[in-house]
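Shown next, in structure tokens, is the structure this report addresses.
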Amino acid sequence: MLDYIDLEYSPNDNDLKVLFYVENSIYAPSLEKAAEEIAKESSIGTWTDIITLSEDIANRLRPYVYHINKELNYIKIAYNEELFEADNISQILSAIAGNIYGMKAIDNLRLIDIEFPKNIINAYKGPKFGIEGIRKLLKVFDRPLLGSIVKPKVGLNPNQHANICGESWLGGLDIVKDDENLTSMRFNKFETRVIETLKIRDKIEKETGEKKIYMPNITAPVSEMKKRADFVIEQGGEYVMVDIITLGFSALQEIRDYLDDKNIVIHAHRAMHAAITRYPKHGMTMLSIAKISRLIGMDQLHTGTVVGKMEGGEKEVIDINRVLTNRVIVEEDYSILHQDWGNIKKTFPVASGGLYPNVVHKLINILGKDIVIQAGGGVHGHPEGTEAGAKAMRQAVQAYLDNINLSEYAKTHNELKKALEKWKDIGI
């Protein structure tokens with residue numbers, strides 16, 4: 001039987017490395033045995049010796065379990081790059097996150113992190129715009145970008161939707177986006193919504209002198225998604241949004257490639273990610289999904305808020321934002337593998353979910369200024385309506401930039417004052 005464990009093995013620059021959390025079951029008497037089964041099943045092996053496995057294949061393509069930490073139940077596996085079709089993320093995941101999850105040898109398995117070798121990194125375009133390109137497009141360089149999500153999620157007709165976008169922009173927000181489950185419904189057809197919303201965008205840009213962005217959700221079967229993206233571009237839109245998990249990574253690659261020669265930003269919503277990422281002992285981390293999203297080429301990605309309504313602790317969200325923006329990762333942090341991104345641009349982290357003016361200072365202190373802050377209920381739930389809610393968010397950010405306490409700033413800014421009063425005891 002081929003031995004897949006070699007704790008003396010030193011991975012080289014051409015290896016794809018994976019960090020797993022593993023709990024072995026009664027069918028694997030030790031963590032080492034479970035690690036062996038994972039390495040075998042995800043590469044060249046199977047449950048028994050086979051005469052078709054030549055010595056040449058074994059020597060060339062065998063992966064190595066090169067690290068085992070029994071205290072943390074962590075293992076690291078190095079895979080030969082020849083095991084993967086470099087520009088096919090679906091095939092890569094079918095190997096390192098495929099059959100292994102269904103094996104009797106494990107009770108729980110979690111893909112913590114991936115480190116891609118240079119040949120795989122070079123096979124992808126990455127974001128077309130990235131953080132620098134987006135800031136240049138909006139001409140906003142010194143603060144977080146501010147956005148909203150039209151609420152209610154569904155139910156509004158195209159004119160109502162467009163008017164809410166207009167009020168949000170007029171109040172000072174940079175961006176308004178569709179929600180994850182709004183595409184082209186009977187009561188709100190995609191094409192009509194795009195036309196009406198972009199009309200109002202043009203009007204508000206002239207009134208305010210600021211760049212305003214609308215992100216329509218084009219999520220659909222790939223052929224329809226391409227048509228919707230083309231329609232947005234024809235109407236003068238500069239952004240599209242996709243639901244990356246429900247869409248699937250193959251479709252995500254295809255739409256990124258399709259839009260490569262078109263001047264449009266791709267915003268990535270992570271709807272359904274928690275079905276895969278939330279349980280801390282099984283599935284895969286949002287960190288690994290974020291790396292894949294940056295690799296494929298998402299310009300913006302929802303990563304968590306720390307202070308909002310969504311699950312995700314401070315360290316987790318900070319770590320995700322770091323790998324998207326090339327910020328320094330502490331070397332002794334065992335839960336993250338190094339990644340050299342080469343020429344791949346940075347992805348803009350998006351904080352969205354349960355945000356409102358009261359938590360803006362805490363949010364920026366934790367995550368920094370290179371974030372997109374999106375507030376839905378925290379804008380439209382303002383006692384005086386959407387425009388006042390947008391003003392309150394902008395005022396909260398300005399107070400931070402001016403290093404003024406929110407309560408002090410609210411004394412001369414009524415919209416912020418009303419927001420602080422409404423949500424003072426909300427506790428999310």
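In the structure tokens, chains take the letters A, B, ... in the order shown, each chain's residues start at 1, and ligands count up from 1 in the order shown.
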
| request: Within 8 Å of segment 22-28 of chain A, counting only C-alpha atoms, which residues show up once you throw out same-chain ones fewer than 4 positions away? Write them as a list in words, please. | output: Lys33, Ala34, Ala35, Asn73, Tyr74, Ile75, Lys104, Ala105, Ile106, Asp107, Asn108, Leu109, Arg110 and Lys281 of chain A

| Separation of atom CA of Leu31 of chain A and atom CA of Ile68 of chain A, in Å? | 8.2 Å

Using 12 Å as the limit and counting only C-alpha atoms, can you tabulate each residue of segment 343-371 of chain A that touches segment 171-182 of chain A, with its shortest atom-to-atom distance in Å and the two atoms involved, as a Markdown table?
```
| residue | atom | partner | partner_atom | distance |
| --- | --- | --- | --- | --- |
| A:Val350 | CA | A:Ile175 | CA | 11.7 |
| A:Ser352 | CA | A:Asp179 | CA | 11.0 |
| A:Gly353 | CA | A:Asp179 | CA | 11.2 |
```

| said: Based on the backbone DSSP call, show me all residues of segment 177-379 of chain A assigned strand (DSSP E or B), as number ranges by chain. | reply: A: 177, 185, 188, 213-215, 217, 239-243, 265-269, 283-284, 300-302, 348-352, 372-374

Restricting the output to N, CA and C atoms, write the selected residues as a PDB file, in the first residue's frame.
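Final file, part_6.pdb:
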```
ATOM      1  N   LYS A 177     -27.739  48.634  -4.796  1.00  0.00           N
ATOM      2  CA  LYS A 177     -27.747  47.340  -5.477  1.00  0.00           C
ATOM      3  C   LYS A 177     -29.059  46.604  -5.280  1.00  0.00           C
ATOM      4  N   MET A 185     -38.692  39.477 -12.010  1.00  0.00           N
ATOM      5  CA  MET A 185     -39.976  38.946 -11.554  1.00  0.00           C
ATOM      6  C   MET A 185     -41.133  39.547 -12.347  1.00  0.00           C
ATOM      7  N   ASN A 188     -41.549  43.068 -11.451  1.00  0.00           N
ATOM      8  CA  ASN A 188     -40.386  43.934 -11.596  1.00  0.00           C
ATOM      9  C   ASN A 188     -39.433  43.327 -12.624  1.00  0.00           C
ATOM     10  N   ILE A 213     -23.618  54.711  -8.611  1.00  0.00           N
ATOM     11  CA  ILE A 213     -23.544  53.366  -9.177  1.00  0.00           C
ATOM     12  C   ILE A 213     -24.801  52.567  -8.846  1.00  0.00           C
ATOM     13  N   TYR A 214     -25.304  51.859  -9.867  1.00  0.00           N
ATOM     14  CA  TYR A 214     -26.391  50.890  -9.663  1.00  0.00           C
ATOM     15  C   TYR A 214     -25.876  49.501 -10.021  1.00  0.00           C
ATOM     16  N   MET A 215     -26.137  48.542  -9.138  1.00  0.00           N
ATOM     17  CA  MET A 215     -25.713  47.164  -9.349  1.00  0.00           C
ATOM     18  C   MET A 215     -26.931  46.264  -9.576  1.00  0.00           C
ATOM     19  N   ASN A 217     -28.810  42.818 -10.403  1.00  0.00           N
ATOM     20  CA  ASN A 217     -28.492  41.400 -10.223  1.00  0.00           C
ATOM     21  C   ASN A 217     -28.801  40.648 -11.520  1.00  0.00           C
ATOM     22  N   TYR A 239     -21.835  48.478 -13.616  1.00  0.00           N
ATOM     23  CA  TYR A 239     -21.693  47.384 -12.652  1.00  0.00           C
ATOM     24  C   TYR A 239     -22.724  46.309 -12.949  1.00  0.00           C
ATOM     25  N   VAL A 240     -22.383  45.062 -12.627  1.00  0.00           N
ATOM     26  CA  VAL A 240     -23.372  43.990 -12.528  1.00  0.00           C
ATOM     27  C   VAL A 240     -23.094  43.225 -11.234  1.00  0.00           C
ATOM     28  N   MET A 241     -24.116  42.550 -10.757  1.00  0.00           N
ATOM     29  CA  MET A 241     -23.992  41.743  -9.553  1.00  0.00           C
ATOM     30  C   MET A 241     -24.348  40.301  -9.869  1.00  0.00           C
ATOM     31  N   VAL A 242     -23.609  39.349  -9.241  1.00  0.00           N
ATOM     32  CA  VAL A 242     -23.914  37.930  -9.405  1.00  0.00           C
ATOM     33  C   VAL A 242     -23.910  37.242  -8.045  1.00  0.00           C
ATOM     34  N   ASP A 243     -24.775  36.239  -7.898  1.00  0.00           N
ATOM     35  CA  ASP A 243     -24.808  35.406  -6.696  1.00  0.00           C
ATOM     36  C   ASP A 243     -23.865  34.230  -6.921  1.00  0.00           C
ATOM     37  N   VAL A 265     -17.815  46.474 -13.900  1.00  0.00           N
ATOM     38  CA  VAL A 265     -17.355  45.927 -12.624  1.00  0.00           C
ATOM     39  C   VAL A 265     -18.268  44.781 -12.208  1.00  0.00           C
ATOM     40  N   ILE A 266     -17.693  43.738 -11.594  1.00  0.00           N
ATOM     41  CA  ILE A 266     -18.487  42.591 -11.130  1.00  0.00           C
ATOM     42  C   ILE A 266     -18.527  42.586  -9.600  1.00  0.00           C
ATOM     43  N   HIS A 267     -19.737  42.663  -9.074  1.00  0.00           N
ATOM     44  CA  HIS A 267     -19.973  42.616  -7.629  1.00  0.00           C
ATOM     45  C   HIS A 267     -20.450  41.211  -7.272  1.00  0.00           C
ATOM     46  N   ALA A 268     -19.818  40.596  -6.277  1.00  0.00           N
ATOM     47  CA  ALA A 268     -20.122  39.212  -5.905  1.00  0.00           C
ATOM     48  C   ALA A 268     -20.882  39.145  -4.589  1.00  0.00           C
ATOM     49  N   HIS A 269     -22.115  38.629  -4.677  1.00  0.00           N
ATOM     50  CA  HIS A 269     -22.910  38.360  -3.478  1.00  0.00           C
ATOM     51  C   HIS A 269     -22.716  36.891  -3.111  1.00  0.00           C
ATOM     52  N   GLY A 283     -17.276  21.281   5.971  1.00  0.00           N
ATOM     53  CA  GLY A 283     -17.494  22.134   4.808  1.00  0.00           C
ATOM     54  C   GLY A 283     -16.206  22.817   4.380  1.00  0.00           C
ATOM     55  N   MET A 284     -16.304  24.095   4.076  1.00  0.00           N
ATOM     56  CA  MET A 284     -15.120  24.878   3.742  1.00  0.00           C
ATOM     57  C   MET A 284     -15.314  26.294   4.248  1.00  0.00           C
ATOM     58  N   GLN A 300     -15.635  42.906  -6.301  1.00  0.00           N
ATOM     59  CA  GLN A 300     -16.120  43.139  -4.933  1.00  0.00           C
ATOM     60  C   GLN A 300     -16.708  41.843  -4.410  1.00  0.00           C
ATOM     61  N   LEU A 301     -16.615  41.643  -3.096  1.00  0.00           N
ATOM     62  CA  LEU A 301     -17.129  40.413  -2.499  1.00  0.00           C
ATOM     63  C   LEU A 301     -17.613  40.669  -1.083  1.00  0.00           C
ATOM     64  N   HIS A 302     -18.821  40.192  -0.779  1.00  0.00           N
ATOM     65  CA  HIS A 302     -19.324  40.226   0.594  1.00  0.00           C
ATOM     66  C   HIS A 302     -18.448  39.329   1.470  1.00  0.00           C
ATOM     67  N   PHE A 348     -12.330  44.224  -3.567  1.00  0.00           N
ATOM     68  CA  PHE A 348     -12.876  45.150  -2.567  1.00  0.00           C
ATOM     69  C   PHE A 348     -13.788  44.387  -1.606  1.00  0.00           C
ATOM     70  N   PRO A 349     -13.459  44.307  -0.309  1.00  0.00           N
ATOM     71  CA  PRO A 349     -14.350  43.646   0.649  1.00  0.00           C
ATOM     72  C   PRO A 349     -15.618  44.476   0.882  1.00  0.00           C
ATOM     73  N   VAL A 350     -16.733  43.780   1.001  1.00  0.00           N
ATOM     74  CA  VAL A 350     -18.035  44.432   1.203  1.00  0.00           C
ATOM     75  C   VAL A 350     -18.599  43.987   2.547  1.00  0.00           C
ATOM     76  N   ALA A 351     -18.948  44.960   3.379  1.00  0.00           N
ATOM     77  CA  ALA A 351     -19.613  44.691   4.654  1.00  0.00           C
ATOM     78  C   ALA A 351     -21.097  44.979   4.483  1.00  0.00           C
ATOM     79  N   SER A 352     -21.919  43.956   4.680  1.00  0.00           N
ATOM     80  CA  SER A 352     -23.354  44.117   4.440  1.00  0.00           C
ATOM     81  C   SER A 352     -24.126  43.147   5.314  1.00  0.00           C
ATOM     82  N   VAL A 372     -16.500  48.419   1.388  1.00  0.00           N
ATOM     83  CA  VAL A 372     -17.769  48.978   0.924  1.00  0.00           C
ATOM     84  C   VAL A 372     -18.780  48.712   2.026  1.00  0.00           C
ATOM     85  N   ILE A 373     -19.350  49.773   2.595  1.00  0.00           N
ATOM     86  CA  ILE A 373     -20.352  49.632   3.653  1.00  0.00           C
ATOM     87  C   ILE A 373     -21.732  49.705   3.019  1.00  0.00           C
ATOM     88  N   GLN A 374     -22.489  48.621   3.127  1.00  0.00           N
ATOM     89  CA  GLN A 374     -23.832  48.582   2.550  1.00  0.00           C
ATOM     90  C   GLN A 374     -24.867  48.411   3.656  1.00  0.00           C
TER      91      GLN A 374
END
```

| said: Just list as a PyMOL selection string whatever in segment 316-415 of chain A DSSP marks as alpha helix (DSSP H). | reply: chain A and resi 316-325+360-367+377-380+386-401+406-410+414-415

| Within 12 Å of Lys226 of chain A using only C-alpha atoms, minus same-chain residues under 2 positions, as a PyMOL selection string | chain A and resi 217-224+228-233+240+242+251-252+254-259+262

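Here atom CA of His161 of chain A and atom CA of Arg193 of chain A stand 7.3 Å from one another.
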
| task | Between A:Ile289, A:Leu416, A:Ile100, A:Pro216, single out the one closest to Thr192 of chain A, counting only C-alpha atoms. | result | A:Pro216

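In terms of minimum interatomic distance to Met286 of chain A, A:Gly304 ranks closest within A:Gly155, A:Gly248, A:Gly147, A:Gly304, counting only C-alpha atoms.
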
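The neighbours of Ile200 of chain A here are the residues that come within 10 Å of it, using only C-alpha atoms and leaving out any residue fewer than 5 positions away in the same chain; they are Asn159, Ala162, Asn163, Ile164, Cys165, Gly166, Glu167, Trp169, Ile195, Glu205, Lys206 and Lys212 of chain A.
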
| message | Which residues are near segment 393-402 of chain A? Cut-off 9 Å, only C-alpha atoms, ignore same chain within fewer than 3 positions. Put them as a PyMOL selection string. | response | chain A and resi 142-144+146+171-173+356-361+364+375+378-379+388-390+405-406+408-410+413+415-416+419

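Proximity of A:Leu7, A:Met298, A:Leu111, A:Ile320 to Tyr279 of chain A, computed with only C-alpha atoms, is greatest for A:Leu111.
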